[in-house]
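Text of the file start-v6.pdb, holding PDB, C-alpha atoms:
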```pdb
ATOM      1  CA  MET B  27      25.324 -11.991   9.858
ATOM      2  CA  LYS B  28      21.750 -12.060  10.997
ATOM      3  CA  ILE B  29      18.967  -9.751   9.902
ATOM      4  CA  ARG B  30      15.627  -9.371  11.631
ATOM      5  CA  VAL B  31      12.667  -8.292   9.514
ATOM      6  CA  LEU B  32       9.439  -7.297  11.222
ATOM      7  CA  VAL B  33       6.279  -7.359   9.105
ATOM      8  CA  SER B  34       2.998  -5.925  10.363
ATOM      9  CA  TYR B  35      -0.261  -4.629   8.970
ATOM     10  CA  LYS B  36      -0.350  -1.042   7.815
ATOM     11  CA  ASP B  37      -2.045   1.291  10.290
ATOM     12  CA  SER B  38      -4.965   1.708   7.883
ATOM     13  CA  VAL B  39      -5.663  -2.055   7.871
ATOM     14  CA  LEU B  40      -7.750  -3.641  10.603
ATOM     15  CA  ASP B  41      -5.935  -6.326  12.546
ATOM     16  CA  PRO B  42      -8.576  -8.646  14.025
ATOM     17  CA  GLN B  43      -5.944 -10.910  15.598
ATOM     18  CA  GLY B  44      -4.302  -7.966  17.338
ATOM     19  CA  GLN B  45      -7.713  -6.796  18.549
ATOM     20  CA  THR B  46      -8.481 -10.245  19.936
ATOM     21  CA  VAL B  47      -5.196 -10.265  21.846
ATOM     22  CA  ARG B  48      -5.996  -6.771  23.154
ATOM     23  CA  ASN B  49      -9.422  -7.935  24.310
ATOM     24  CA  ALA B  50      -7.843 -10.920  26.057
ATOM     25  CA  LEU B  51      -5.380  -8.632  27.859
ATOM     26  CA  LEU B  52      -8.238  -6.387  28.997
ATOM     27  CA  THR B  53     -10.193  -9.354  30.379
ATOM     28  CA  MET B  54      -7.000 -10.277  32.266
ATOM     29  CA  ASP B  55      -7.272  -6.865  33.961
ATOM     30  CA  TYR B  56      -4.309  -5.321  32.133
ATOM     31  CA  ASP B  57      -6.565  -2.337  31.703
ATOM     32  CA  PHE B  58      -3.707  -0.026  30.760
ATOM     33  CA  VAL B  59      -3.513  -1.745  27.343
ATOM     34  CA  LYS B  60      -4.708   0.561  24.587
ATOM     35  CA  ASN B  61      -4.021  -1.294  21.376
ATOM     36  CA  VAL B  62      -2.224  -4.381  20.042
ATOM     37  CA  ARG B  63      -0.942  -4.932  16.532
ATOM     38  CA  GLN B  64       0.222  -8.417  15.621
ATOM     39  CA  GLY B  65       3.007  -9.095  13.116
ATOM     40  CA  LYS B  66       5.560 -11.588  11.882
ATOM     41  CA  VAL B  67       9.252 -11.798  12.640
ATOM     42  CA  PHE B  68      11.821 -13.248  10.242
ATOM     43  CA  GLU B  69      15.390 -13.885  11.340
ATOM     44  CA  ILE B  70      17.502 -14.342   8.265
ATOM     45  CA  GLU B  71      21.041 -15.604   8.453
ATOM     46  CA  ILE B  72      23.125 -14.321   5.580
ATOM     47  CA  GLU B  73      26.666 -14.272   4.302
ATOM     48  CA  ASP B  74      28.627 -11.174   5.273
ATOM     49  CA  LEU B  75      27.664  -8.379   2.918
ATOM     50  CA  SER B  76      28.617  -4.723   2.711
ATOM     51  CA  ASP B  77      26.301  -2.212   4.375
ATOM     52  CA  GLU B  78      25.481  -0.817   0.988
ATOM     53  CA  LYS B  79      24.481  -4.234  -0.383
ATOM     54  CA  ILE B  80      22.396  -5.034   2.688
ATOM     55  CA  LYS B  81      20.515  -1.753   2.356
ATOM     56  CA  GLN B  82      19.679  -2.744  -1.185
ATOM     57  CA  VAL B  83      18.770  -6.430  -0.888
ATOM     58  CA  ILE B  84      16.928  -6.656   2.429
ATOM     59  CA  PRO B  85      14.186  -4.137   1.587
ATOM     60  CA  GLU B  86      14.004  -5.717  -1.851
ATOM     61  CA  LEU B  87      13.372  -9.249  -0.581
ATOM     62  CA  ALA B  88      11.031  -7.993   2.126
ATOM     63  CA  ASP B  89       9.020  -6.157  -0.478
ATOM     64  CA  ARG B  90       9.007  -9.057  -2.950
ATOM     65  CA  ILE B  91       7.953 -11.864  -0.651
ATOM     66  CA  LEU B  92       7.988 -11.301   3.115
ATOM     67  CA  ALA B  93       5.408  -8.513   3.087
ATOM     68  CA  ASN B  94       2.467  -7.803   0.830
ATOM     69  CA  PRO B  95       2.785  -4.042   0.304
ATOM     70  CA  ILE B  96      -0.973  -3.668  -0.191
ATOM     71  CA  ILE B  97      -1.690  -4.554   3.431
ATOM     72  CA  GLU B  98       1.651  -4.768   5.207
ATOM     73  CA  LYS B  99       4.700  -2.694   6.076
ATOM     74  CA  PHE B 100       8.096  -3.813   7.316
ATOM     75  CA  THR B 101      11.137  -2.687   9.254
ATOM     76  CA  TRP B 102      14.504  -4.419   9.494
ATOM     77  CA  GLU B 103      17.694  -4.352  11.501
ATOM     78  CA  ILE B 104      21.020  -6.148  11.673
ATOM     79  CA  ILE B 105      21.026  -8.138  14.903
ATOM     80  CA  GLU B 106      24.308 -10.047  14.595
TER      81      GLU B 106
ATOM     82  CA  MET Y  11     -19.401 -28.231 -30.931
ATOM     83  CA  SER Y  12     -15.672 -28.690 -30.515
ATOM     84  CA  LYS Y  13     -14.410 -29.065 -26.999
ATOM     85  CA  LEU Y  14     -12.374 -26.385 -25.292
ATOM     86  CA  ARG Y  15      -9.098 -27.058 -23.540
ATOM     87  CA  PHE Y  16      -9.137 -26.428 -19.778
ATOM     88  CA  GLY Y  17      -5.944 -26.627 -17.743
ATOM     89  CA  VAL Y  18      -6.260 -27.111 -13.975
ATOM     90  CA  VAL Y  19      -3.069 -26.052 -12.179
ATOM     91  CA  VAL Y  20      -1.832 -28.315  -9.399
ATOM     92  CA  PHE Y  21       0.352 -26.864  -6.647
ATOM     93  CA  PRO Y  22       1.588 -28.870  -3.678
ATOM     94  CA  GLY Y  23      -1.377 -28.495  -1.328
ATOM     95  CA  SER Y  24      -4.095 -27.935  -3.950
ATOM     96  CA  ASN Y  25      -7.118 -29.963  -2.892
ATOM     97  CA  CYS Y  26      -9.963 -28.861  -5.161
ATOM     98  CA  ASP Y  27      -8.116 -29.735  -8.362
ATOM     99  CA  HIS Y  28      -9.920 -33.080  -8.755
ATOM    100  CA  ASP Y  29     -13.372 -31.590  -8.135
ATOM    101  CA  THR Y  30     -12.698 -28.857 -10.687
ATOM    102  CA  PHE Y  31     -11.345 -31.397 -13.188
ATOM    103  CA  HIS Y  32     -14.451 -33.567 -12.673
ATOM    104  CA  VAL Y  33     -16.874 -30.708 -13.278
ATOM    105  CA  LEU Y  34     -15.122 -29.505 -16.419
ATOM    106  CA  LYS Y  35     -14.587 -32.961 -17.895
ATOM    107  CA  ASP Y  36     -17.567 -35.022 -16.753
ATOM    108  CA  VAL Y  37     -20.252 -32.396 -16.135
ATOM    109  CA  CYS Y  38     -19.318 -29.852 -18.819
ATOM    110  CA  GLY Y  39     -17.789 -32.367 -21.260
ATOM    111  CA  GLN Y  40     -14.660 -30.348 -22.002
ATOM    112  CA  ASN Y  41     -11.125 -31.440 -22.804
ATOM    113  CA  THR Y  42      -9.562 -31.090 -19.370
ATOM    114  CA  PHE Y  43      -6.051 -31.745 -18.096
ATOM    115  CA  TYR Y  44      -3.851 -30.983 -15.111
ATOM    116  CA  LEU Y  45      -0.935 -28.563 -15.278
ATOM    117  CA  TRP Y  46       1.876 -29.235 -12.801
ATOM    118  CA  HIS Y  47       3.111 -26.025 -11.204
ATOM    119  CA  LYS Y  48       6.744 -26.841 -12.001
ATOM    120  CA  ASP Y  49       6.153 -27.159 -15.724
ATOM    121  CA  HIS Y  50       6.685 -24.337 -18.176
ATOM    122  CA  ASP Y  51       3.877 -25.089 -20.589
ATOM    123  CA  LEU Y  52       0.139 -24.378 -20.447
ATOM    124  CA  ASN Y  53      -0.483 -27.129 -23.028
ATOM    125  CA  ASN Y  54      -2.446 -24.835 -25.351
ATOM    126  CA  ALA Y  55      -5.183 -24.303 -22.781
ATOM    127  CA  ASP Y  56      -8.086 -22.016 -23.743
ATOM    128  CA  CYS Y  57      -8.716 -21.353 -20.065
ATOM    129  CA  VAL Y  58      -6.514 -21.931 -17.034
ATOM    130  CA  ILE Y  59      -7.992 -22.593 -13.610
ATOM    131  CA  LEU Y  60      -6.186 -22.076 -10.332
ATOM    132  CA  PRO Y  61      -8.139 -24.341  -7.992
ATOM    133  CA  GLY Y  62      -8.828 -24.118  -4.290
ATOM    134  CA  GLY Y  63      -6.710 -25.647  -1.572
ATOM    135  CA  PHE Y  64      -3.742 -24.681   0.536
ATOM    136  CA  SER Y  65      -0.832 -24.228  -1.825
ATOM    137  CA  TYR Y  66       2.407 -24.571   0.143
ATOM    138  CA  GLY Y  67       0.363 -25.025   3.304
ATOM    139  CA  ASP Y  68      -0.633 -21.344   3.230
ATOM    140  CA  TYR Y  69       2.820 -20.638   4.693
ATOM    141  CA  LEU Y  70       3.791 -16.960   4.929
ATOM    142  CA  ARG Y  71       0.465 -15.743   3.407
ATOM    143  CA  SER Y  72      -2.113 -17.619   1.359
ATOM    144  CA  GLY Y  73      -0.829 -17.759  -2.203
ATOM    145  CA  ALA Y  74       2.449 -15.978  -1.430
ATOM    146  CA  ILE Y  75       4.751 -18.899  -2.230
ATOM    147  CA  ALA Y  76       2.702 -20.238  -5.153
ATOM    148  CA  LYS Y  77       3.333 -16.891  -6.823
ATOM    149  CA  PHE Y  78       6.898 -18.046  -7.439
ATOM    150  CA  SER Y  79       6.017 -21.430  -8.946
ATOM    151  CA  PRO Y  80       7.673 -21.815 -12.374
ATOM    152  CA  LEU Y  81       4.370 -22.129 -14.272
ATOM    153  CA  MET Y  82       3.231 -18.716 -13.008
ATOM    154  CA  LYS Y  83       5.531 -17.038 -15.522
ATOM    155  CA  GLU Y  84       3.631 -18.635 -18.397
ATOM    156  CA  LEU Y  85       0.340 -17.930 -16.650
ATOM    157  CA  GLN Y  86       1.152 -14.225 -16.392
ATOM    158  CA  GLU Y  87       2.063 -14.056 -20.079
ATOM    159  CA  PHE Y  88      -1.133 -15.931 -20.972
ATOM    160  CA  ALA Y  89      -3.216 -13.564 -18.851
ATOM    161  CA  HIS Y  90      -1.540 -10.460 -20.230
ATOM    162  CA  GLU Y  91      -2.296 -11.657 -23.749
ATOM    163  CA  GLY Y  92      -5.991 -11.905 -22.840
ATOM    164  CA  GLY Y  93      -6.126 -15.626 -22.007
ATOM    165  CA  HIS Y  94      -8.945 -16.600 -19.663
ATOM    166  CA  VAL Y  95      -7.976 -17.356 -16.097
ATOM    167  CA  LEU Y  96     -10.246 -18.370 -13.225
ATOM    168  CA  GLY Y  97      -8.932 -18.455  -9.665
ATOM    169  CA  ILE Y  98     -11.116 -20.158  -7.077
ATOM    170  CA  CYS Y  99     -10.512 -19.584  -3.354
ATOM    171  CA  ASN Y 100      -6.771 -20.225  -2.955
ATOM    172  CA  GLY Y 101      -6.543 -19.620  -6.704
ATOM    173  CA  PHE Y 102      -8.032 -16.152  -6.107
ATOM    174  CA  GLN Y 103      -5.447 -15.545  -3.380
ATOM    175  CA  VAL Y 104      -2.673 -16.538  -5.805
ATOM    176  CA  LEU Y 105      -4.040 -14.132  -8.458
ATOM    177  CA  LEU Y 106      -3.950 -11.309  -5.883
ATOM    178  CA  GLU Y 107      -0.373 -12.130  -4.895
ATOM    179  CA  LEU Y 108       0.563 -12.194  -8.587
ATOM    180  CA  GLU Y 109      -1.078  -8.748  -8.888
ATOM    181  CA  LEU Y 110      -3.194 -10.024 -11.773
ATOM    182  CA  LEU Y 111      -6.127  -8.764  -9.695
ATOM    183  CA  PRO Y 112      -6.096  -5.775  -7.322
ATOM    184  CA  GLY Y 113      -6.221  -6.044  -3.536
ATOM    185  CA  ALA Y 114      -5.265  -8.574  -0.874
ATOM    186  CA  MET Y 115      -6.862 -11.013   1.560
ATOM    187  CA  LEU Y 116      -7.000 -10.615   5.306
ATOM    188  CA  ARG Y 117      -8.066 -13.192   7.878
ATOM    189  CA  ASN Y 118     -11.861 -13.543   8.170
ATOM    190  CA  LYS Y 119     -13.304 -10.895  10.471
ATOM    191  CA  ASN Y 120     -14.440 -13.462  13.053
ATOM    192  CA  LEU Y 121     -11.082 -15.291  12.892
ATOM    193  CA  LYS Y 122     -12.839 -18.529  12.015
ATOM    194  CA  PHE Y 123     -12.389 -20.922   9.153
ATOM    195  CA  LEU Y 124     -15.741 -20.630   7.354
ATOM    196  CA  CYS Y 125     -17.164 -23.671   5.606
ATOM    197  CA  GLU Y 126     -20.790 -23.077   4.647
ATOM    198  CA  HIS Y 127     -23.167 -22.269   1.817
ATOM    199  CA  VAL Y 128     -23.520 -18.563   1.127
ATOM    200  CA  HIS Y 129     -25.596 -16.453  -1.215
ATOM    201  CA  LEU Y 130     -23.943 -14.392  -3.893
ATOM    202  CA  LYS Y 131     -25.487 -11.696  -5.971
ATOM    203  CA  ILE Y 132     -24.357 -11.359  -9.575
ATOM    204  CA  GLU Y 133     -23.309  -7.729  -9.901
ATOM    205  CA  ASN Y 134     -22.085  -7.890 -13.465
ATOM    206  CA  ASP Y 135     -23.388 -10.317 -16.094
ATOM    207  CA  GLN Y 136     -21.312  -8.771 -18.869
ATOM    208  CA  THR Y 137     -18.181 -10.784 -18.194
ATOM    209  CA  PRO Y 138     -16.834 -13.965 -19.804
ATOM    210  CA  PHE Y 139     -17.613 -15.764 -16.541
ATOM    211  CA  THR Y 140     -21.191 -14.624 -15.892
ATOM    212  CA  ASN Y 141     -22.802 -14.120 -19.308
ATOM    213  CA  GLN Y 142     -25.107 -17.105 -18.706
ATOM    214  CA  GLY Y 143     -26.384 -15.581 -15.479
ATOM    215  CA  GLN Y 144     -28.436 -12.446 -15.011
ATOM    216  CA  LYS Y 145     -27.518  -9.332 -13.063
ATOM    217  CA  ASN Y 146     -28.988  -9.401  -9.530
ATOM    218  CA  ARG Y 147     -29.592 -13.148  -9.663
ATOM    219  CA  VAL Y 148     -28.734 -14.817  -6.362
ATOM    220  CA  LEU Y 149     -26.540 -17.925  -6.442
ATOM    221  CA  ARG Y 150     -26.083 -20.415  -3.628
ATOM    222  CA  ILE Y 151     -22.477 -21.614  -3.548
ATOM    223  CA  PRO Y 152     -20.297 -22.837  -0.660
ATOM    224  CA  ILE Y 153     -17.238 -21.129   0.762
ATOM    225  CA  ALA Y 154     -14.375 -22.776   2.658
ATOM    226  CA  HIS Y 155     -11.622 -20.418   3.718
ATOM    227  CA  PHE Y 156      -9.758 -18.703   6.529
ATOM    228  CA  ASP Y 157      -8.406 -15.743   4.576
ATOM    229  CA  GLY Y 158     -11.256 -14.405   2.478
ATOM    230  CA  ASN Y 159     -11.663 -10.956   3.948
ATOM    231  CA  TYR Y 160     -11.046  -8.950   0.801
ATOM    232  CA  TYR Y 161      -9.197  -5.679   1.238
ATOM    233  CA  ALA Y 162      -8.094  -2.932  -1.117
ATOM    234  CA  SER Y 163      -7.329   0.744  -0.542
ATOM    235  CA  PRO Y 164     -10.273   3.175  -0.836
ATOM    236  CA  GLU Y 165      -8.817   4.511  -4.107
ATOM    237  CA  THR Y 166      -8.600   0.995  -5.563
ATOM    238  CA  ILE Y 167     -12.143   0.188  -4.446
ATOM    239  CA  GLU Y 168     -13.395   3.347  -6.109
ATOM    240  CA  GLU Y 169     -11.687   2.298  -9.336
ATOM    241  CA  ILE Y 170     -13.004  -1.284  -9.140
ATOM    242  CA  ILE Y 171     -16.559  -0.030  -8.689
ATOM    243  CA  ALA Y 172     -16.252   2.558 -11.476
ATOM    244  CA  ASN Y 173     -14.957  -0.100 -13.869
ATOM    245  CA  GLY Y 174     -17.704  -2.590 -13.015
ATOM    246  CA  GLN Y 175     -15.114  -5.104 -11.849
ATOM    247  CA  ILE Y 176     -17.152  -6.447  -8.928
ATOM    248  CA  VAL Y 177     -18.770  -9.642 -10.184
ATOM    249  CA  PHE Y 178     -20.146 -11.275  -7.009
ATOM    250  CA  ARG Y 179     -21.101  -9.835  -3.634
ATOM    251  CA  TYR Y 180     -22.122 -11.656  -0.472
ATOM    252  CA  ALA Y 181     -25.861 -11.162  -0.038
ATOM    253  CA  ASP Y 182     -28.809 -12.636   1.806
ATOM    254  CA  ARG Y 183     -31.135 -15.045  -0.005
ATOM    255  CA  GLU Y 184     -33.192 -12.123  -1.320
ATOM    256  CA  GLY Y 185     -30.100 -10.499  -2.764
ATOM    257  CA  ARG Y 186     -29.802  -7.757  -0.177
ATOM    258  CA  ILE Y 187     -26.215  -6.674   0.460
ATOM    259  CA  THR Y 188     -26.102  -6.654   4.239
ATOM    260  CA  GLU Y 189     -23.443  -6.593   6.911
ATOM    261  CA  GLU Y 190     -24.801  -9.872   8.261
ATOM    262  CA  ALA Y 191     -24.417 -11.590   4.889
ATOM    263  CA  ASN Y 192     -20.846 -10.378   4.660
ATOM    264  CA  VAL Y 193     -19.525 -13.511   6.378
ATOM    265  CA  ASN Y 194     -15.815 -12.768   6.188
ATOM    266  CA  GLY Y 195     -15.818  -8.966   6.426
ATOM    267  CA  SER Y 196     -14.834  -8.197   2.826
ATOM    268  CA  VAL Y 197     -14.811  -4.579   1.709
ATOM    269  CA  GLU Y 198     -18.074  -3.865  -0.176
ATOM    270  CA  ASN Y 199     -19.112  -7.529   0.402
ATOM    271  CA  ILE Y 200     -16.805  -8.470  -2.482
ATOM    272  CA  ALA Y 201     -16.810 -12.213  -3.165
ATOM    273  CA  GLY Y 202     -15.441 -12.141  -6.697
ATOM    274  CA  LEU Y 203     -13.966  -9.659  -9.135
ATOM    275  CA  VAL Y 204     -12.467  -9.404 -12.593
ATOM    276  CA  ASN Y 205      -9.561  -7.371 -13.910
ATOM    277  CA  LYS Y 206     -10.201  -4.315 -16.036
ATOM    278  CA  ARG Y 207      -9.948  -6.327 -19.240
ATOM    279  CA  ARG Y 208     -12.331  -8.948 -17.747
ATOM    280  CA  ASN Y 209     -10.368 -12.001 -18.814
ATOM    281  CA  ILE Y 210      -9.387 -12.901 -15.246
ATOM    282  CA  LEU Y 211     -11.875 -13.781 -12.497
ATOM    283  CA  GLY Y 212     -11.048 -14.454  -8.867
ATOM    284  CA  MET Y 213     -13.743 -15.704  -6.486
ATOM    285  CA  MET Y 214     -13.694 -17.072  -2.952
ATOM    286  CA  PRO Y 215     -16.778 -19.338  -3.234
ATOM    287  CA  HIS Y 216     -16.373 -22.746  -4.845
ATOM    288  CA  PRO Y 217     -18.493 -23.113  -8.010
ATOM    289  CA  GLU Y 218     -17.051 -26.598  -8.594
ATOM    290  CA  ARG Y 219     -18.749 -27.730  -5.369
ATOM    291  CA  ALA Y 220     -22.112 -26.502  -6.613
ATOM    292  CA  SER Y 221     -22.263 -27.723 -10.188
ATOM    293  CA  GLU Y 222     -24.543 -30.754  -9.836
ATOM    294  CA  SER Y 223     -28.035 -30.669  -8.330
ATOM    295  CA  LEU Y 224     -27.219 -33.930  -6.559
ATOM    296  CA  LEU Y 225     -24.866 -31.860  -4.389
ATOM    297  CA  GLY Y 226     -27.604 -29.439  -3.339
ATOM    298  CA  SER Y 227     -26.990 -26.667  -5.872
ATOM    299  CA  ASP Y 228     -25.845 -26.397  -9.454
ATOM    300  CA  ASP Y 229     -25.676 -22.604  -9.423
ATOM    301  CA  GLY Y 230     -21.886 -22.717  -9.754
ATOM    302  CA  ARG Y 231     -22.193 -24.257 -13.184
ATOM    303  CA  ILE Y 232     -23.178 -20.846 -14.546
ATOM    304  CA  ILE Y 233     -19.564 -19.758 -14.243
ATOM    305  CA  PHE Y 234     -18.239 -22.715 -16.230
ATOM    306  CA  LYS Y 235     -21.080 -22.539 -18.779
ATOM    307  CA  SER Y 236     -20.435 -18.819 -19.234
ATOM    308  CA  VAL Y 237     -16.735 -19.154 -19.914
ATOM    309  CA  ILE Y 238     -17.360 -22.049 -22.315
ATOM    310  CA  HIS Y 239     -20.000 -19.970 -24.105
ATOM    311  CA  HIS Y 240     -17.764 -16.917 -24.226
ATOM    312  CA  ILE Y 241     -14.647 -18.628 -25.574
ATOM    313  CA  THR Y 242     -16.615 -20.760 -28.052
ATOM    314  CA  ASN Y 243     -18.310 -17.677 -29.488
ATOM    315  CA  SER Y 244     -15.328 -15.348 -29.593
TER     316      SER Y 244
END
```

Output the file's structure in the form of structure tokens.
Amino acid sequence: MKIRVLVSYKDSVLDPQGQTVRNALLTMDYDFVKNVRQGKVFEIEIEDLSDEKIKQVIPELADRILANPIIEKFTWEIIE
Amino acid sequence: MSKLRFGVVVFPGSNCDHDTFHVLKDVCGQNTFYLWHKDHDLNNADCVILPGGFSYGDYLRSGAIAKFSPLMKELQEFAHEGGHVLGICNGFQVLLELELLPGAMLRNKNLKFLCEHVHLKIENDQTPFTNQGQKNRVLRIPIAHFDGNYYASPETIEEIIANGQIVFRYADREGRITEEANVNGSVENIAGLVNKRRNILGMMPHPERASESLLGSDDGRIIFKSVIHHITNS
């Protein structure tokens, strides 16, 4: 199985890298761009686990190491 | 006066461990030794220092992997029992990840690695790490970091201020707290802070690089002198 975890800054935290990318897009005349938030993607290959177990362990590991809950939030999905 | 025992933690990627060791041993004349991150023993240290550098290459987030080094278990117990801990630069980032200090680090506001001398104002001289300085005194100490933009929620900041936990703030040479002096964009110009109990200090600037006048400033020595004074007299 493969899990994808997406970590990004909380909305309340400034994201200077995202802003820089946004500014670059605007200078490239993509003037419809309103905002960019940058994040990190983790693709984690795991042994087959029950849905129940996955729902327990993935948020747990994301919270313990992949994201810093003070500044970041995360979402996850099973991709394979 | 008997010498104190200072342990300098070495992670893979630490690069200020030797400078810190040199200042404590040769400049301050203390009993100093390295502590390998994989060990499980603080070797009866009176004070443990987490030095600057790039532990684990700063992978994932600065300090995020070092948090899980075996020795950190003993460090947390030591800190919770009131042992003195000083985290410099990457060491500060590790202390934040360990939640021994509140808040987190973001990338510098200008997205640049900053390596320069800055001015710091002592906000609180009633801590084990600043008792040999004076409140409002301005220190000149270098910084060298990419992720030093201190962040904490407004509620946490309110609490930190109310508890007098801010120890150093980025200032201009006259000690004015300005936006311009806030090189990395830290909330409230925070450059260093202690925990509520005041036995743990984290700071982004490098006092070990400013502890001998030959190097242009010995202002950083105040921090080491203070902690030596505090532990010796307590």

| message | Once the ChimeraX specification (/B :<7) & /Y is applied to the coordinates I shared, what remains selected? I want it as a list in words. | response | Ala74, Gly113, Ala114 and Lys119 of chain Y

| task | Would you list the residues near (22.8, -5.8, 9.8), meaning any protein, DNA or RNA residue with an atom at most 8 Å from that point in file coordinates, counting all atoms listed in the file, as a ChimeraX atom specification? | result | /B:27-29,77,80,103-106

| task | Evaluate the PyMOL selection byres ((chain B and resi 84) around 10) on the structure here and hand back the selected residues as a list in words. | result |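 For this structure, the PyMOL selection byres ((chain B and resi 84) around 10) captures Ile29, Arg30, Val31, Ile70, Lys79, Ile80, Lys81, Gln82, Val83, Pro85, Glu86, Leu87, Ala88, Asp89, Arg90, Thr101, Trp102 and Glu103 of chain B.
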
Just want the 9 Å neighbourhood of range 161-176 of chain Y, counted on only C-alpha atoms, with same-chain residues fewer than 6 positions away dropped. Output as a PDB file with C-alpha atoms, in the coordinates of the input.
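Output below, filename part_34.pdb:
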```pdb
ATOM      1  CA  SER B  38      -4.965   1.708   7.883  1.00  0.00           C
ATOM      2  CA  VAL B  39      -5.663  -2.055   7.871  1.00  0.00           C
ATOM      3  CA  ILE B  96      -0.973  -3.668  -0.191  1.00  0.00           C
ATOM      4  CA  ILE B  97      -1.690  -4.554   3.431  1.00  0.00           C
TER       5      ILE B  97
ATOM      6  CA  PRO Y 112      -6.096  -5.775  -7.322  1.00  0.00           C
ATOM      7  CA  GLY Y 113      -6.221  -6.044  -3.536  1.00  0.00           C
ATOM      8  CA  ALA Y 114      -5.265  -8.574  -0.874  1.00  0.00           C
ATOM      9  CA  MET Y 115      -6.862 -11.013   1.560  1.00  0.00           C
ATOM     10  CA  LEU Y 116      -7.000 -10.615   5.306  1.00  0.00           C
ATOM     11  CA  ILE Y 132     -24.357 -11.359  -9.575  1.00  0.00           C
ATOM     12  CA  GLU Y 133     -23.309  -7.729  -9.901  1.00  0.00           C
ATOM     13  CA  ASN Y 134     -22.085  -7.890 -13.465  1.00  0.00           C
ATOM     14  CA  SER Y 196     -14.834  -8.197   2.826  1.00  0.00           C
ATOM     15  CA  VAL Y 197     -14.811  -4.579   1.709  1.00  0.00           C
ATOM     16  CA  GLU Y 198     -18.074  -3.865  -0.176  1.00  0.00           C
ATOM     17  CA  ILE Y 200     -16.805  -8.470  -2.482  1.00  0.00           C
ATOM     18  CA  ALA Y 201     -16.810 -12.213  -3.165  1.00  0.00           C
ATOM     19  CA  GLY Y 202     -15.441 -12.141  -6.697  1.00  0.00           C
ATOM     20  CA  LEU Y 203     -13.966  -9.659  -9.135  1.00  0.00           C
ATOM     21  CA  VAL Y 204     -12.467  -9.404 -12.593  1.00  0.00           C
ATOM     22  CA  ASN Y 205      -9.561  -7.371 -13.910  1.00  0.00           C
ATOM     23  CA  LYS Y 206     -10.201  -4.315 -16.036  1.00  0.00           C
ATOM     24  CA  ARG Y 208     -12.331  -8.948 -17.747  1.00  0.00           C
TER      25      ARG Y 208
END
```

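Among the candidates Y:Asp182, Y:Asp68, Y:Glu126, Y:Glu218, the one nearest to Asn146 in chain Y when counting all atoms listed in the file is Y:Asp182.
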
Is it possible to get the axis-aligned box enclosing range 71-82 of chain B (all listed atoms, 5 Å extra per side) as AutoDock Vina command-line options, with centre and edge lengths in Å rounded to one decimal?
```
--center_x 24.2 --center_y -8.2 --center_z 3.6 --size_x 18.9 --size_y 24.8 --size_z 19.6
```

| message | Selection in question (the file shown): the PyMOL selection byres ((chain Y and resi 47) around 7). Which residues does it include, as a list in words? | response | Val19, Val20, Phe21, Leu45, Trp46, Lys48, Asp49, Ser79, Pro80 and Leu81 of chain Y

| field | Computed interatomic separation between CA of Ile238 in chain Y and CA of Ala154 in chain Y (Å) | value | 25.2 Å

| message | What's the separation between CA of Glu109 in chain Y and CA of Tyr44 in chain Y, in Å to one decimal place? | response |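 Computing it gives 23.3 Å between the two atoms.
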
Could you give me, as a CSV table (one decimal) with C-alpha atoms, keeping the file's coordinate frame, the residues within 9 Å of Asp56 in chain Y, counting all atoms listed in the file and dropping anything in the same chain fewer than 5 positions from it?
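result36.csv was written with the following content:
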```
chain,number,residue,atom,x,y,z
Y,14,LEU,CA,-12.4,-26.4,-25.3
Y,15,ARG,CA,-9.1,-27.1,-23.5
Y,16,PHE,CA,-9.1,-26.4,-19.8
Y,17,GLY,CA,-5.9,-26.6,-17.7
Y,93,GLY,CA,-6.1,-15.6,-22.0
Y,94,HIS,CA,-8.9,-16.6,-19.7
Y,95,VAL,CA,-8.0,-17.4,-16.1
Y,241,ILE,CA,-14.6,-18.6,-25.6
```

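A straight line drawn from CA of Thr140 in chain Y to CA of Asn243 in chain Y is 14.2 Å long.
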
Could I get range 94-101 of chain B rebuilt with N, CA and C atoms, written as a short mmCIF file (atom, residue, chain, number, x, y, z; two decimals), in the coordinates of the input?
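And here's rebuild_17.cif as it stands now:
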```cif
data_model
loop_
_atom_site.label_atom_id
_atom_site.label_comp_id
_atom_site.auth_asym_id
_atom_site.auth_seq_id
_atom_site.Cartn_x
_atom_site.Cartn_y
_atom_site.Cartn_z
N ASN B 94 3.32 -8.18 1.96
CA ASN B 94 2.47 -7.80 0.83
C ASN B 94 2.21 -6.30 0.97
N PRO B 95 2.84 -5.50 0.12
CA PRO B 95 2.78 -4.04 0.30
C PRO B 95 1.38 -3.44 0.29
N ILE B 96 0.40 -4.19 -0.19
CA ILE B 96 -0.97 -3.67 -0.19
C ILE B 96 -1.51 -3.57 1.24
N ILE B 97 -1.14 -4.54 2.08
CA ILE B 97 -1.69 -4.55 3.43
C ILE B 97 -0.64 -4.46 4.54
N GLU B 98 0.63 -4.67 4.16
CA GLU B 98 1.65 -4.77 5.21
C GLU B 98 2.80 -3.78 5.01
N LYS B 99 3.49 -3.51 6.12
CA LYS B 99 4.70 -2.69 6.08
C LYS B 99 5.79 -3.50 6.79
N PHE B 100 7.03 -3.07 6.64
CA PHE B 100 8.10 -3.81 7.32
C PHE B 100 9.19 -2.89 7.81
N THR B 101 9.91 -3.35 8.82
CA THR B 101 11.14 -2.69 9.25
C THR B 101 12.19 -3.78 9.36
#
```
